[in-house]
Each structure stands twice: as C-alpha cells, then as structure tokens.
Amino acid sequence: MNDNAAKERPARIMVPVCLVAALALALRLLHVYFTQRANPLAPALQLDAATYDRWARALAAGGDPGPTTLMQSPVYPWFVSLLYRVFGPSLAAVRVAQALLGTATCVLVALATRRLFSSLAAAVVAGLVAALYAPFIFYEGMILPATLIVFLNALFLSIACAGGKPGARRLLAAGVVFGAAVAATP
C-alpha cells in the first residue's frame, strides 16, 4: 500500500469512481427491471431461492421457519427478512437491494485497488470490470446469497486496505465483516 494515495485530492478518485458507480447501478437496475417485467419465471422461485424466500418470510413474520430442506447459512435469510419487514414480502425489493449492494461492491473494488496499487487507472479498470462482470449482474437478480457474500468480501478488503497503521477498531471491523462473509457462505 502506498500512502501517496491517501494524500491525493479526493475529487481525483471520486469522479471516476462515481462514473463507475453510475454505470454499475444503471446496468443492475435495468437487469432488475427486465427480470421483473419480462422473465415469467422471476416470481416462481425454485430450489435454494425458494428455501431462502420461505425462510425469510417466516423470520419476517416472527415465526420459526422450522427445518429447511437444505443445510444453509441463516445470514442471507436474515438479510432478506429484514428487507421483507421494511418493504413487505417483495422479490423486487430484494433484487433492488442486491443491485445496490452490487453497485457498492464495484465502488469498494475500485477504492481498494487504488489503495493497493496507487494507480487511478488500475482503480477505474477494476471498477469497470466489476461493473461489467456479467455473473455479478446475473446473481444480483437472483434470490441467492452470492451478492451479499461478494459485497462483504469487498467491504473486508476495503477496510483492510484503508491506509495508515491499523488500529484496534479497524481490525475489529475487518474481523466482524470477514466473519459475516464466512458465516453467509452456504
């Protein structure tokens, strides 16, 4: 890590990162829109997605979901149940929230790359690769934990690469985020 990146004017990195974020968000919201409007299978969840949805609905209603058919981590159903409590049981709300997490992941990737390699060009390229990476966009439209896990890992990397001497708070934050990422993995 190079501390010159921290001394640089914030606007120099923020303008390109905001453009990357705008592109990422536009692509992800288009994907959500077309998934909701044009995909006849979007409301018909199958396999793991149906299990996560059923589990999250039960948690949101305050009930016990009972045994699940698969051995899965409860972190993603807790996340979805929180969304269901706030927005009602809406798959569109979950997909939009995941699109926002995916956009934040692109920003975190760009910022961590800037910090690690001290290169604005590398940061922009990394952010664009994350923004345009089709599997990220695809899984952000699915009711599956992949988006949450990738976001938590990018957040961990961003915290860990946050320049300066790591203090106890930063190490604790990095550990908690990394633990959440591991716990969210099925």
# chains A, B, ... in the order shown; residues from 1 in each chain; ligands from 1

call {"tool": "residues_around", "arguments": {"residues": "region 27-42 of chain A", "least_positions_apart": "6", "cutoff": "7 Å", "atoms": "only C-alpha atoms", "output": "VMD selection string"}}
result
chain A and resid 92 95 to 96 99 137 141

call {"tool": "write_last_selection", "arguments": {"atoms": "C-alpha atoms", "output": "mmCIF file, in the first residue's frame"}}
result
data_model
loop_
_atom_site.group_PDB
_atom_site.id
_atom_site.type_symbol
_atom_site.label_atom_id
_atom_site.label_comp_id
_atom_site.auth_asym_id
_atom_site.auth_seq_id
_atom_site.Cartn_x
_atom_site.Cartn_y
_atom_site.Cartn_z
ATOM 1 C CA ALA A 92 -38.401 -6.749 -6.470
ATOM 2 C CA ARG A 95 -33.448 -7.526 -6.216
ATOM 3 C CA VAL A 96 -33.127 -3.728 -5.989
ATOM 4 C CA ALA A 99 -28.399 -4.206 -7.158
ATOM 5 C CA ILE A 137 -25.123 -8.707 -12.564
ATOM 6 C CA GLY A 141 -31.070 -10.589 -9.788
#

call {"tool": "select_by_dssp", "arguments": {"residues": "chain A", "states": "alpha helix (DSSP H)", "output": "ChimeraX atom specification"}}
result
/A:4-7,10-38,47-60,75-87,91-117,120-132,134-140,146-160,168-184

call {"tool": "closest_residue", "arguments": {"among": "A:Ala180, A:Ala110, A:Ala97, A:Ala168", "to": "Val15 (chain A)", "atoms": "only C-alpha atoms"}}
result
A:Ala110

call {"tool": "atom_distance", "arguments": {"atom1": "CA of Met71 (chain A)", "atom2": "CA of Asp48 (chain A)"}}
result
10.1 Å
